[in-house]
>>> print(open('data29.cif').read())   # mmCIF, C-alpha atoms
data_run
#
loop_
_atom_site.group_PDB
_atom_site.id
_atom_site.type_symbol
_atom_site.label_atom_id
_atom_site.label_comp_id
_atom_site.auth_asym_id
_atom_site.auth_seq_id
_atom_site.Cartn_x
_atom_site.Cartn_y
_atom_site.Cartn_z
ATOM 1 C CA MET A 209 -14.069 -7.956 16.656
ATOM 2 C CA ARG A 210 -13.020 -9.859 13.542
ATOM 3 C CA ILE A 211 -10.640 -8.161 11.105
ATOM 4 C CA LEU A 212 -10.089 -9.295 7.522
ATOM 5 C CA SER A 213 -7.620 -8.211 4.860
ATOM 6 C CA GLY A 214 -6.042 -9.708 1.741
ATOM 7 C CA ILE A 215 -3.114 -8.918 -0.526
ATOM 8 C CA GLN A 216 -2.556 -9.931 -4.135
ATOM 9 C CA PRO A 217 0.504 -11.911 -5.256
ATOM 10 C CA SER A 218 0.802 -9.909 -8.461
ATOM 11 C CA GLY A 219 4.464 -8.916 -8.009
ATOM 12 C CA ALA A 220 7.061 -7.708 -5.524
ATOM 13 C CA LEU A 221 5.510 -5.936 -2.543
ATOM 14 C CA HIS A 222 6.384 -2.271 -2.116
ATOM 15 C CA LEU A 223 6.177 0.566 0.393
ATOM 16 C CA GLY A 224 2.581 1.278 -0.606
ATOM 17 C CA ASN A 225 1.623 -2.304 0.269
ATOM 18 C CA TYR A 226 3.536 -2.172 3.534
ATOM 19 C CA PHE A 227 2.294 1.140 4.925
ATOM 20 C CA GLY A 228 -1.157 0.946 3.348
ATOM 21 C CA MET A 229 -2.003 -2.623 4.353
ATOM 22 C CA MET A 230 0.694 -4.776 5.960
ATOM 23 C CA LYS A 231 1.818 -2.572 8.847
ATOM 24 C CA PRO A 232 -1.777 -1.728 9.892
ATOM 25 C CA ALA A 233 -2.645 -5.425 9.636
ATOM 26 C CA VAL A 234 0.227 -6.394 11.938
ATOM 27 C CA GLU A 235 -0.856 -3.748 14.452
ATOM 28 C CA LEU A 236 -4.460 -4.974 14.352
ATOM 29 C CA GLN A 237 -3.361 -8.473 15.418
ATOM 30 C CA GLU A 238 -3.427 -7.145 18.967
ATOM 31 C CA LYS A 239 -6.968 -5.749 18.727
ATOM 32 C CA GLY A 240 -9.144 -8.618 17.586
ATOM 33 C CA GLU A 241 -9.402 -11.820 15.573
ATOM 34 C CA ALA A 242 -7.176 -11.198 12.562
ATOM 35 C CA TYR A 243 -7.846 -13.069 9.302
ATOM 36 C CA TYR A 244 -5.320 -12.369 6.507
ATOM 37 C CA PHE A 245 -5.093 -14.105 3.148
ATOM 38 C CA ILE A 246 -3.062 -14.119 -0.047
ATOM 39 C CA ALA A 247 -5.543 -13.238 -2.784
ATOM 40 C CA ASN A 248 -4.298 -15.527 -5.537
ATOM 41 C CA TYR A 249 -7.771 -15.875 -7.086
ATOM 42 C CA HIS A 250 -7.812 -12.100 -7.549
ATOM 43 C CA SER A 251 -4.389 -12.158 -9.211
ATOM 44 C CA MET A 252 -5.848 -14.233 -12.055
ATOM 45 C CA THR A 253 -7.504 -11.128 -13.523
ATOM 46 C CA SER A 254 -4.138 -9.698 -14.582
ATOM 47 C CA LEU A 255 -1.412 -12.332 -14.119
ATOM 48 C CA PHE A 256 -1.553 -15.245 -16.551
ATOM 49 C CA ASP A 257 1.668 -17.106 -15.762
ATOM 50 C CA ALA A 258 0.941 -20.037 -13.436
ATOM 51 C CA ALA A 259 4.568 -20.533 -12.330
ATOM 52 C CA GLN A 260 4.918 -16.822 -11.595
ATOM 53 C CA ARG A 261 1.724 -16.817 -9.528
ATOM 54 C CA ARG A 262 2.985 -19.790 -7.512
ATOM 55 C CA GLN A 263 6.321 -18.077 -6.874
ATOM 56 C CA ASN A 264 4.700 -14.723 -6.093
ATOM 57 C CA THR A 265 2.410 -16.407 -3.567
ATOM 58 C CA LEU A 266 5.403 -17.812 -1.703
ATOM 59 C CA GLU A 267 7.169 -14.428 -1.861
ATOM 60 C CA VAL A 268 4.144 -12.659 -0.378
ATOM 61 C CA ALA A 269 3.975 -15.207 2.435
ATOM 62 C CA LEU A 270 7.680 -14.667 3.191
ATOM 63 C CA ASP A 271 7.273 -10.885 3.072
ATOM 64 C CA PHE A 272 4.227 -10.747 5.320
ATOM 65 C CA LEU A 273 5.666 -13.109 7.920
ATOM 66 C CA ALA A 274 8.971 -11.204 7.877
ATOM 67 C CA CYS A 275 7.094 -7.932 8.415
ATOM 68 C CA GLY A 276 5.514 -9.151 11.634
ATOM 69 C CA LEU A 277 2.468 -11.278 10.837
ATOM 70 C CA ASP A 278 2.280 -13.800 13.677
ATOM 71 C CA PRO A 279 0.471 -17.062 12.835
ATOM 72 C CA LYS A 280 -0.173 -17.528 16.566
ATOM 73 C CA LYS A 281 -2.161 -14.289 16.633
ATOM 74 C CA SER A 282 -3.589 -14.350 13.098
ATOM 75 C CA VAL A 283 -5.156 -16.788 10.658
ATOM 76 C CA PHE A 284 -3.060 -16.689 7.463
ATOM 77 C CA TRP A 285 -3.864 -18.670 4.316
ATOM 78 C CA LYS A 286 -4.042 -18.813 0.517
ATOM 79 C CA GLN A 287 -7.395 -17.749 -0.920
ATOM 80 C CA SER A 288 -7.460 -20.719 -3.310
ATOM 81 C CA ASP A 289 -7.413 -23.135 -0.349
ATOM 82 C CA LEU A 290 -10.983 -22.051 0.489
ATOM 83 C CA PRO A 291 -13.367 -23.299 -2.235
ATOM 84 C CA GLU A 292 -16.240 -21.986 -0.108
ATOM 85 C CA VAL A 293 -15.399 -18.443 -1.166
ATOM 86 C CA THR A 294 -16.098 -19.158 -4.850
ATOM 87 C CA GLU A 295 -19.474 -20.716 -4.041
ATOM 88 C CA LEU A 296 -20.453 -17.693 -1.992
ATOM 89 C CA THR A 297 -19.315 -15.488 -4.880
ATOM 90 C CA TRP A 298 -21.994 -17.111 -7.049
ATOM 91 C CA LEU A 299 -24.686 -16.599 -4.427
ATOM 92 C CA LEU A 300 -23.774 -12.916 -4.152
ATOM 93 C CA SER A 301 -23.532 -12.461 -7.923
ATOM 94 C CA THR A 302 -27.238 -13.273 -8.218
ATOM 95 C CA VAL A 303 -28.082 -10.180 -6.152
ATOM 96 C CA ALA A 304 -25.386 -7.921 -7.670
ATOM 97 C CA PRO A 305 -26.874 -5.288 -10.008
ATOM 98 C CA MET A 306 -24.903 -4.777 -13.228
ATOM 99 C CA GLY A 307 -25.073 -1.016 -12.775
ATOM 100 C CA LEU A 308 -23.454 -1.246 -9.352
ATOM 101 C CA LEU A 309 -20.456 -3.122 -10.761
ATOM 102 C CA GLU A 310 -20.217 -0.886 -13.828
ATOM 103 C CA ARG A 311 -19.835 2.141 -11.549
ATOM 104 C CA CYS A 312 -16.843 0.715 -9.689
ATOM 105 C CA HIS A 313 -13.833 2.987 -10.123
ATOM 106 C CA SER A 314 -11.339 0.118 -10.176
ATOM 107 C CA TYR A 315 -13.024 -1.533 -13.164
ATOM 108 C CA LYS A 316 -13.432 1.728 -15.040
ATOM 109 C CA ASP A 317 -9.809 2.740 -14.438
ATOM 110 C CA LYS A 318 -8.403 -0.606 -15.528
ATOM 111 C CA LYS A 319 -10.640 -0.676 -18.577
ATOM 112 C CA ALA A 320 -9.427 2.805 -19.545
ATOM 113 C CA ARG A 321 -5.766 1.778 -19.138
ATOM 114 C CA LEU A 322 -6.310 -1.324 -21.280
ATOM 115 C CA ALA A 323 -8.160 0.525 -24.039
ATOM 116 C CA GLY A 324 -7.115 -0.141 -27.621
ATOM 117 C CA ASP A 325 -5.217 -3.283 -28.590
ATOM 118 C CA ASP A 326 -5.255 -4.584 -25.025
ATOM 119 C CA LEU A 327 -9.038 -4.374 -24.640
ATOM 120 C CA ASP A 328 -9.237 -8.187 -24.797
ATOM 121 C CA LYS A 329 -7.592 -8.163 -21.353
ATOM 122 C CA VAL A 330 -10.714 -6.556 -19.899
ATOM 123 C CA ASN A 331 -12.083 -9.858 -18.636
ATOM 124 C CA HIS A 332 -15.108 -10.828 -16.597
ATOM 125 C CA GLY A 333 -12.833 -11.277 -13.591
ATOM 126 C CA LEU A 334 -11.991 -7.568 -13.605
ATOM 127 C CA PHE A 335 -15.671 -6.719 -13.820
ATOM 128 C CA ALA A 336 -16.774 -9.172 -11.110
ATOM 129 C CA TYR A 337 -13.779 -8.496 -8.832
ATOM 130 C CA PRO A 338 -15.940 -6.656 -6.241
ATOM 131 C CA VAL A 339 -18.259 -9.678 -5.897
ATOM 132 C CA LEU A 340 -15.363 -12.005 -5.131
ATOM 133 C CA MET A 341 -14.030 -9.406 -2.707
ATOM 134 C CA ALA A 342 -17.443 -9.246 -1.058
ATOM 135 C CA ALA A 343 -17.398 -13.027 -0.626
ATOM 136 C CA ASP A 344 -13.918 -12.824 0.907
ATOM 137 C CA ILE A 345 -15.220 -10.387 3.499
ATOM 138 C CA LEU A 346 -18.682 -11.769 4.236
ATOM 139 C CA ILE A 347 -17.676 -15.416 4.558
ATOM 140 C CA PHE A 348 -15.823 -14.590 7.790
ATOM 141 C CA ASP A 349 -18.467 -12.401 9.432
ATOM 142 C CA SER A 350 -15.862 -9.634 9.236
ATOM 143 C CA ASN A 351 -16.555 -6.503 11.281
ATOM 144 C CA ILE A 352 -13.551 -4.423 10.210
ATOM 145 C CA VAL A 353 -11.877 -4.343 6.789
ATOM 146 C CA PRO A 354 -8.661 -2.270 6.674
ATOM 147 C CA VAL A 355 -8.360 -0.825 3.154
ATOM 148 C CA GLY A 356 -6.701 1.982 1.257
ATOM 149 C CA ARG A 357 -8.865 4.918 0.261
ATOM 150 C CA ASP A 358 -9.004 3.569 -3.297
ATOM 151 C CA GLN A 359 -10.542 0.288 -2.052
ATOM 152 C CA LYS A 360 -13.222 1.873 0.099
ATOM 153 C CA GLN A 361 -15.781 1.591 -2.704
ATOM 154 C CA HIS A 362 -15.361 -2.190 -2.789
ATOM 155 C CA VAL A 363 -16.269 -2.403 0.893
ATOM 156 C CA GLU A 364 -19.280 -0.221 0.156
ATOM 157 C CA VAL A 365 -20.280 -2.671 -2.600
ATOM 158 C CA THR A 366 -19.856 -5.500 -0.102
ATOM 159 C CA ARG A 367 -22.179 -3.742 2.305
ATOM 160 C CA ASP A 368 -24.742 -3.177 -0.478
ATOM 161 C CA LEU A 369 -24.707 -6.848 -1.495
ATOM 162 C CA ALA A 370 -24.951 -8.063 2.098
ATOM 163 C CA ILE A 371 -27.884 -5.762 2.824
ATOM 164 C CA LYS A 372 -29.653 -6.809 -0.376
ATOM 165 C CA PHE A 373 -29.143 -10.517 0.395
ATOM 166 C CA ASN A 374 -30.326 -9.996 3.970
ATOM 167 C CA ASN A 375 -33.427 -8.128 2.805
ATOM 168 C CA LEU A 376 -34.217 -10.844 0.296
ATOM 169 C CA TYR A 377 -33.478 -13.971 2.326
ATOM 170 C CA GLY A 378 -33.408 -12.846 5.966
ATOM 171 C CA GLU A 379 -30.573 -11.782 8.252
ATOM 172 C CA THR A 380 -27.575 -13.755 7.026
ATOM 173 C CA PHE A 381 -24.453 -11.584 6.813
ATOM 174 C CA VAL A 382 -22.636 -9.256 9.189
ATOM 175 C CA ILE A 383 -22.383 -5.773 7.661
ATOM 176 C CA PRO A 384 -18.673 -4.792 7.647
ATOM 177 C CA GLU A 385 -17.068 -1.381 8.144
ATOM 178 C CA PRO A 386 -14.006 -0.096 6.259
ATOM 179 C CA GLN A 387 -11.078 1.166 8.316
ATOM 180 C CA ILE A 388 -8.840 3.701 6.585
ATOM 181 C CA ARG A 389 -5.697 5.190 8.102
ATOM 182 C CA GLU A 390 -5.823 8.507 6.290
ATOM 183 C CA GLU A 391 -2.226 9.507 6.977
ATOM 184 C CA VAL A 392 -0.848 6.576 4.973
ATOM 185 C CA ALA A 393 -3.896 5.532 2.965
ATOM 186 C CA VAL A 394 -2.131 6.565 -0.268
ATOM 187 C CA VAL A 395 1.667 6.282 -0.384
ATOM 188 C CA PRO A 396 3.204 8.355 -3.195
ATOM 189 C CA GLY A 397 5.337 6.668 -5.828
ATOM 190 C CA THR A 398 8.576 7.915 -7.331
ATOM 191 C CA ASP A 399 6.628 9.994 -9.883
ATOM 192 C CA GLY A 400 4.101 11.542 -7.482
ATOM 193 C CA GLN A 401 1.188 9.285 -8.408
ATOM 194 C CA LYS A 402 -0.112 6.660 -5.988
ATOM 195 C CA MET A 403 2.562 3.979 -5.580
ATOM 196 C CA SER A 404 1.424 1.086 -7.755
ATOM 197 C CA LYS A 405 2.939 -1.680 -9.855
ATOM 198 C CA SER A 406 0.598 -0.542 -12.623
ATOM 199 C CA TYR A 407 2.450 2.786 -12.812
ATOM 200 C CA GLY A 408 5.973 1.348 -12.480
ATOM 201 C CA ASN A 409 6.756 3.836 -9.699
ATOM 202 C CA THR A 410 7.295 1.514 -6.737
ATOM 203 C CA ILE A 411 10.021 1.068 -4.132
ATOM 204 C CA ASP A 412 10.150 -2.581 -3.099
ATOM 205 C CA ILE A 413 10.157 -3.559 0.562
ATOM 206 C CA PHE A 414 12.898 -6.128 0.060
ATOM 207 C CA GLY A 415 14.568 -4.876 -3.104
ATOM 208 C CA GLU A 416 18.264 -5.383 -3.837
ATOM 209 C CA GLU A 417 20.401 -2.630 -2.364
ATOM 210 C CA LYS A 418 21.832 -1.257 -5.611
ATOM 211 C CA ALA A 419 18.543 -1.345 -7.515
ATOM 212 C CA THR A 420 16.626 0.244 -4.634
ATOM 213 C CA ARG A 421 19.188 3.011 -4.227
ATOM 214 C CA LYS A 422 18.872 3.751 -7.946
ATOM 215 C CA ARG A 423 15.067 3.775 -7.715
ATOM 216 C CA ILE A 424 15.077 6.196 -4.774
ATOM 217 C CA MET A 425 17.569 8.467 -6.509
ATOM 218 C CA SER A 426 15.147 8.586 -9.480
ATOM 219 C CA ILE A 427 12.345 10.205 -7.440
ATOM 220 C CA VAL A 428 10.970 13.144 -9.404
ATOM 221 C CA MET A 429 11.936 16.599 -8.123
ATOM 222 C CA ASP A 430 11.523 20.138 -9.407
ATOM 223 C CA SER A 431 14.299 22.294 -10.902
ATOM 224 C CA ARG A 432 14.959 24.572 -7.924
ATOM 225 C CA THR A 433 18.553 24.880 -6.728
ATOM 226 C CA PRO A 434 19.663 23.622 -3.286
ATOM 227 C CA GLN A 435 19.995 27.202 -2.014
ATOM 228 C CA GLU A 436 16.437 28.194 -2.832
ATOM 229 C CA PRO A 437 13.940 28.005 0.087
ATOM 230 C CA LYS A 438 11.203 25.423 -0.408
ATOM 231 C CA PRO A 439 8.100 26.673 1.455
ATOM 232 C CA ASP A 440 6.203 23.633 0.136
ATOM 233 C CA ALA A 441 8.742 21.157 1.578
ATOM 234 C CA ASP A 442 5.966 19.078 3.134
ATOM 235 C CA ARG A 443 4.751 18.210 -0.377
ATOM 236 C CA ASN A 444 8.170 16.983 -1.515
ATOM 237 C CA LEU A 445 7.963 13.278 -2.430
ATOM 238 C CA ALA A 446 11.179 12.320 -0.669
ATOM 239 C CA ILE A 447 10.064 14.116 2.496
ATOM 240 C CA GLN A 448 6.696 12.355 2.418
ATOM 241 C CA LEU A 449 8.429 8.974 2.152
ATOM 242 C CA LEU A 450 11.040 9.917 4.738
ATOM 243 C CA LYS A 451 8.268 10.557 7.257
ATOM 244 C CA LEU A 452 7.239 6.910 6.870
ATOM 245 C CA VAL A 453 10.635 5.263 7.441
ATOM 246 C CA ALA A 454 12.611 7.738 9.587
ATOM 247 C CA PRO A 455 12.274 8.731 13.243
ATOM 248 C CA ALA A 456 10.015 11.790 13.547
ATOM 249 C CA ASP A 457 12.857 14.113 14.615
ATOM 250 C CA VAL A 458 15.026 13.072 11.662
ATOM 251 C CA ALA A 459 12.218 13.633 9.162
ATOM 252 C CA LYS A 460 11.370 16.993 10.742
ATOM 253 C CA GLU A 461 15.001 18.147 10.585
ATOM 254 C CA HIS A 462 15.250 17.339 6.857
ATOM 255 C CA GLU A 463 11.925 19.019 6.130
ATOM 256 C CA GLU A 464 13.019 22.188 7.948
ATOM 257 C CA ARG A 465 16.375 22.235 6.154
ATOM 258 C CA LEU A 466 14.641 21.814 2.805
ATOM 259 C CA ARG A 467 12.142 24.561 3.617
ATOM 260 C CA ALA A 468 14.897 26.978 4.662
ATOM 261 C CA GLY A 469 17.125 26.231 1.683
ATOM 262 C CA GLY A 470 20.561 24.654 1.586
ATOM 263 C CA LEU A 471 19.617 20.971 1.391
ATOM 264 C CA GLY A 472 20.188 19.471 -2.037
ATOM 265 C CA TYR A 473 17.751 16.978 -3.480
ATOM 266 C CA GLY A 474 20.536 14.437 -3.999
ATOM 267 C CA ASP A 475 21.479 14.556 -0.319
ATOM 268 C CA LEU A 476 17.832 14.297 0.662
ATOM 269 C CA LYS A 477 17.385 11.169 -1.459
ATOM 270 C CA LYS A 478 20.540 9.628 -0.008
ATOM 271 C CA ALA A 479 19.164 10.226 3.475
ATOM 272 C CA LEU A 480 15.889 8.618 2.443
ATOM 273 C CA PHE A 481 17.688 5.521 1.181
ATOM 274 C CA GLU A 482 19.711 5.158 4.392
ATOM 275 C CA GLN A 483 16.600 5.466 6.552
ATOM 276 C CA TYR A 484 14.691 3.013 4.348
ATOM 277 C CA TRP A 485 17.540 0.486 4.477
ATOM 278 C CA THR A 486 17.787 0.771 8.262
ATOM 279 C CA TYR A 487 14.019 0.567 8.780
ATOM 280 C CA PHE A 488 13.680 -2.765 6.980
ATOM 281 C CA ALA A 489 16.976 -4.305 8.183
ATOM 282 C CA PRO A 490 15.415 -6.514 10.927
ATOM 283 C CA MET A 491 12.721 -7.651 8.504
ATOM 284 C CA ARG A 492 15.323 -8.557 5.853
ATOM 285 C CA ALA A 493 17.076 -10.745 8.417
ATOM 286 C CA LYS A 494 13.795 -12.431 9.401
ATOM 287 C CA ARG A 495 12.911 -13.011 5.761
ATOM 288 C CA ALA A 496 16.252 -14.714 5.108
ATOM 289 C CA GLU A 497 15.531 -17.129 7.974
ATOM 290 C CA LEU A 498 12.090 -17.921 6.595
ATOM 291 C CA ALA A 499 13.385 -18.375 3.034
ATOM 292 C CA ALA A 500 15.769 -21.021 4.353
ATOM 293 C CA ASN A 501 12.801 -23.048 5.652
ATOM 294 C CA VAL A 502 9.962 -22.751 3.134
ATOM 295 C CA ASP A 503 8.396 -26.005 4.348
ATOM 296 C CA HIS A 504 7.606 -24.172 7.576
ATOM 297 C CA VAL A 505 5.980 -21.359 5.590
ATOM 298 C CA HIS A 506 3.826 -23.789 3.598
ATOM 299 C CA ARG A 507 2.790 -25.461 6.855
ATOM 300 C CA ILE A 508 1.685 -22.096 8.284
ATOM 301 C CA LEU A 509 -0.497 -21.512 5.210
ATOM 302 C CA ARG A 510 -2.024 -25.014 5.352
ATOM 303 C CA GLU A 511 -2.839 -24.729 9.034
ATOM 304 C CA GLY A 512 -4.263 -21.252 8.472
ATOM 305 C CA ALA A 513 -6.508 -22.559 5.689
ATOM 306 C CA GLU A 514 -7.868 -25.296 7.977
ATOM 307 C CA ARG A 515 -8.746 -22.736 10.641
ATOM 308 C CA ALA A 516 -10.276 -20.358 8.090
ATOM 309 C CA ARG A 517 -12.412 -23.090 6.530
ATOM 310 C CA GLY A 518 -13.939 -23.856 9.901
ATOM 311 C CA VAL A 519 -15.472 -20.379 9.939
ATOM 312 C CA ALA A 520 -16.183 -20.202 6.201
ATOM 313 C CA ARG A 521 -18.162 -23.459 6.166
ATOM 314 C CA ASN A 522 -20.494 -22.182 8.882
ATOM 315 C CA VAL A 523 -21.208 -18.890 7.108
ATOM 316 C CA LEU A 524 -21.693 -20.561 3.720
ATOM 317 C CA SER A 525 -24.046 -23.109 5.280
ATOM 318 C CA ARG A 526 -26.067 -20.247 6.775
ATOM 319 C CA ALA A 527 -26.268 -18.526 3.382
ATOM 320 C CA ARG A 528 -27.239 -21.766 1.582
ATOM 321 C CA ARG A 529 -30.068 -22.411 4.044
ATOM 322 C CA ALA A 530 -31.285 -18.837 3.777
ATOM 323 C CA ALA A 531 -31.343 -19.036 -0.029
ATOM 324 C CA GLY A 532 -33.184 -22.362 -0.067
ATOM 325 C CA LEU A 533 -30.235 -24.408 -1.353
ATOM 326 C CA ASP A 534 -30.224 -26.714 1.687
#
>>> encode(input="data29.cif", output="structure tokens")
Amino acid sequence: MRILSGIQPSGALHLGNYFGMMKPAVELQEKGEAYYFIANYHSMTSLFDAAQRRQNTLEVALDFLACGLDPKKSVFWKQSDLPEVTELTWLLSTVAPMGLLERCHSYKDKKARLAGDDLDKVNHGLFAYPVLMAADILIFDSNIVPVGRDQKQHVEVTRDLAIKFNNLYGETFVIPEPQIREEVAVVPGTDGQKMSKSYGNTIDIFGEEKATRKRIMSIVMDSRTPQEPKPDADRNLAIQLLKLVAPADVAKEHEERLRAGGLGYGDLKKALFEQYWTYFAPMRAKRAELAANVDHVHRILREGAERARGVARNVLSRARRAAGLD
């Protein structure tokens, strides 16, 4: 079984990235061939500062390696080190119906958010994003693609394009399956929406202590007093996040106290911060070691790209022959 996943270097990684993608990816290293990449081509649709992209790419590599990605068990590389993926994107774009791409939720949502004076930022890259994502997946004969619920449609588009290409040119691509861990598929942000840099509601994985404490203390709560029972305690944002970073018995105790009444929201948020800080402590230490030896990190990415290209060349060659290009 071959597993593929990618993550954009569009800013500091947060709890949504970790629990929605990174932690499952680390766990899947033990279950098959794991192929993980930093999607710096994808970041070009919304990030237009070259120096920032370069720095973000390094930061993502540090974060992922610190969080448990093992280059001995996984293939880890920068997307831009595989030119084969852009060639396959063109091949797939010739069988991609406009209507299919126009129906993609991600494009429609981003277009709606950029409406008005920012409409010029609605670029072709945003529109064609699913085709590039399809190339990322298909060029490795990927069987399993771990994604958040919001990305499931892009895997469905990938399947549609692969099937259409196969029907047109003969069996060429493996048809992938999405894998969604429903319990953490959408991590709530500090305002109750999905945690996302776009909404400014994130809690960084490796944020500074003071800033992170302040961010956690800003989590939106209702106006009920500490003494009032909270029968809906399971829907409380701090409780939902606590369940991710705290031992099960600790999270359960806080939820029961909140439900019964007597636990103040301030104390609950303080408990959340302490559990968060403890949870990521070993990873912070590992990241500091890696940051002190970035040459080693760059070497991991180069070696990963060489291994990835070995597979990508074979799949692209198969697609070129099928399409009559070779």
>>> closest_residue(input="data29.cif", among="A:Val505, A:Leu212, A:Cys275, A:Ala220", to="A:Val234", atoms="only C-alpha atoms")
A:Cys275
>>> atom_distance(input="data29.cif", atom1="atom CA of A:Pro232", atom2="atom CA of A:Gln287")
20.1 Å
>>> residues_near_point(input="data29.cif", point="(-18.8, 4.3, -2.1)", cutoff="12 Å", atoms="only C-alpha atoms", output="PyMOL selection string")
chain A and resi 308-309+311-314+357-368+385-386
>>> residues_around(input="data29.cif", residues="A:Leu223", least_positions_apart="6", cutoff="9 Å", atoms="only C-alpha atoms", output="PyMOL selection string")
chain A and resi 395+397+403+410-413+449
>>> closest_residue(input="data29.cif", among="A:Gly378, A:Gly276, A:Pro305, A:Pro439", to="A:Tyr226", atoms="all atoms listed in the file")
A:Gly276
>>> atom_distance(input="data29.cif", atom1="atom CA of A:Ser282", atom2="atom CA of A:Glu295")
24.2 Å
>>> resolve_selection(input="data29.cif", expression="the PyMOL selection byres ((chain A and resi 440) around 12)", output="list in words")
Asp430, Arg432, Glu436, Pro437, Lys438, Pro439, Ala441, Asp442, Arg443, Asn444, Leu445, Ile447, Gln448, Glu463, Glu464, Arg465, Leu466, Arg467, Ala468 and Gly469 of chain A
>>> write_last_selection(input="data29.cif", atoms="C-alpha atoms", output="PDB file, in the coordinates of the input")
ATOM      1  CA  ASP A 430      11.523  20.138  -9.407  1.00  0.00           C
ATOM      2  CA  ARG A 432      14.959  24.572  -7.924  1.00  0.00           C
ATOM      3  CA  GLU A 436      16.437  28.194  -2.832  1.00  0.00           C
ATOM      4  CA  PRO A 437      13.940  28.005   0.087  1.00  0.00           C
ATOM      5  CA  LYS A 438      11.203  25.423  -0.408  1.00  0.00           C
ATOM      6  CA  PRO A 439       8.100  26.673   1.455  1.00  0.00           C
ATOM      7  CA  ALA A 441       8.742  21.157   1.578  1.00  0.00           C
ATOM      8  CA  ASP A 442       5.966  19.078   3.134  1.00  0.00           C
ATOM      9  CA  ARG A 443       4.751  18.210  -0.377  1.00  0.00           C
ATOM     10  CA  ASN A 444       8.170  16.983  -1.515  1.00  0.00           C
ATOM     11  CA  LEU A 445       7.963  13.278  -2.430  1.00  0.00           C
ATOM     12  CA  ILE A 447      10.064  14.116   2.496  1.00  0.00           C
ATOM     13  CA  GLN A 448       6.696  12.355   2.418  1.00  0.00           C
ATOM     14  CA  GLU A 463      11.925  19.019   6.130  1.00  0.00           C
ATOM     15  CA  GLU A 464      13.019  22.188   7.948  1.00  0.00           C
ATOM     16  CA  ARG A 465      16.375  22.235   6.154  1.00  0.00           C
ATOM     17  CA  LEU A 466      14.641  21.814   2.805  1.00  0.00           C
ATOM     18  CA  ARG A 467      12.142  24.561   3.617  1.00  0.00           C
ATOM     19  CA  ALA A 468      14.897  26.978   4.662  1.00  0.00           C
ATOM     20  CA  GLY A 469      17.125  26.231   1.683  1.00  0.00           C
TER      21      GLY A 469
END
>>> resolve_selection(input="data29.cif", expression="the PyMOL selection byres ((chain A and resi 350) around 10)", output="PDB file with C-alpha atoms, in the coordinates of the input")
ATOM      1  CA  MET A 209     -14.069  -7.956  16.656  1.00  0.00           C
ATOM      2  CA  ARG A 210     -13.020  -9.859  13.542  1.00  0.00           C
ATOM      3  CA  ILE A 211     -10.640  -8.161  11.105  1.00  0.00           C
ATOM      4  CA  LEU A 212     -10.089  -9.295   7.522  1.00  0.00           C
ATOM      5  CA  SER A 213      -7.620  -8.211   4.860  1.00  0.00           C
ATOM      6  CA  GLU A 241      -9.402 -11.820  15.573  1.00  0.00           C
ATOM      7  CA  ALA A 242      -7.176 -11.198  12.562  1.00  0.00           C
ATOM      8  CA  TYR A 243      -7.846 -13.069   9.302  1.00  0.00           C
ATOM      9  CA  ASP A 344     -13.918 -12.824   0.907  1.00  0.00           C
ATOM     10  CA  ILE A 345     -15.220 -10.387   3.499  1.00  0.00           C
ATOM     11  CA  LEU A 346     -18.682 -11.769   4.236  1.00  0.00           C
ATOM     12  CA  ILE A 347     -17.676 -15.416   4.558  1.00  0.00           C
ATOM     13  CA  PHE A 348     -15.823 -14.590   7.790  1.00  0.00           C
ATOM     14  CA  ASP A 349     -18.467 -12.401   9.432  1.00  0.00           C
ATOM     15  CA  ASN A 351     -16.555  -6.503  11.281  1.00  0.00           C
ATOM     16  CA  ILE A 352     -13.551  -4.423  10.210  1.00  0.00           C
ATOM     17  CA  VAL A 353     -11.877  -4.343   6.789  1.00  0.00           C
ATOM     18  CA  PHE A 381     -24.453 -11.584   6.813  1.00  0.00           C
ATOM     19  CA  VAL A 382     -22.636  -9.256   9.189  1.00  0.00           C
ATOM     20  CA  ILE A 383     -22.383  -5.773   7.661  1.00  0.00           C
ATOM     21  CA  PRO A 384     -18.673  -4.792   7.647  1.00  0.00           C
ATOM     22  CA  GLU A 385     -17.068  -1.381   8.144  1.00  0.00           C
TER      23      GLU A 385
END
>>> closest_residue(input="data29.cif", among="A:Lys319, A:Asn501, A:Val268, A:Pro434", to="A:Gly470", atoms="only C-alpha atoms")
A:Pro434
>>> closest_residue(input="data29.cif", among="A:Trp485, A:Gly333, A:Arg321, A:Arg421", to="A:Tyr407", atoms="all atoms listed in the file")
A:Arg321
>>> closest_residue(input="data29.cif", among="A:Gly472, A:Gly400, A:Gly512, A:Gly415", to="A:Lys281", atoms="only C-alpha atoms")
A:Gly512
>>> resolve_selection(input="data29.cif", expression="the PyMOL selection byres ((chain A and resi 502) around 12)", output="compact mmCIF listing (two decimals) with C-alpha atoms, in the coordinates of the input")
# COMPACT_ATOMS: atom_id res chain seq x y z
CA GLN A 263 6.32 -18.08 -6.87
CA THR A 265 2.41 -16.41 -3.57
CA LEU A 266 5.40 -17.81 -1.70
CA GLU A 267 7.17 -14.43 -1.86
CA ALA A 269 3.98 -15.21 2.44
CA LEU A 270 7.68 -14.67 3.19
CA LEU A 273 5.67 -13.11 7.92
CA ARG A 495 12.91 -13.01 5.76
CA ALA A 496 16.25 -14.71 5.11
CA GLU A 497 15.53 -17.13 7.97
CA LEU A 498 12.09 -17.92 6.60
CA ALA A 499 13.38 -18.38 3.03
CA ALA A 500 15.77 -21.02 4.35
CA ASN A 501 12.80 -23.05 5.65
CA ASP A 503 8.40 -26.00 4.35
CA HIS A 504 7.61 -24.17 7.58
CA VAL A 505 5.98 -21.36 5.59
CA HIS A 506 3.83 -23.79 3.60
CA ARG A 507 2.79 -25.46 6.86
CA ILE A 508 1.68 -22.10 8.28
CA LEU A 509 -0.50 -21.51 5.21
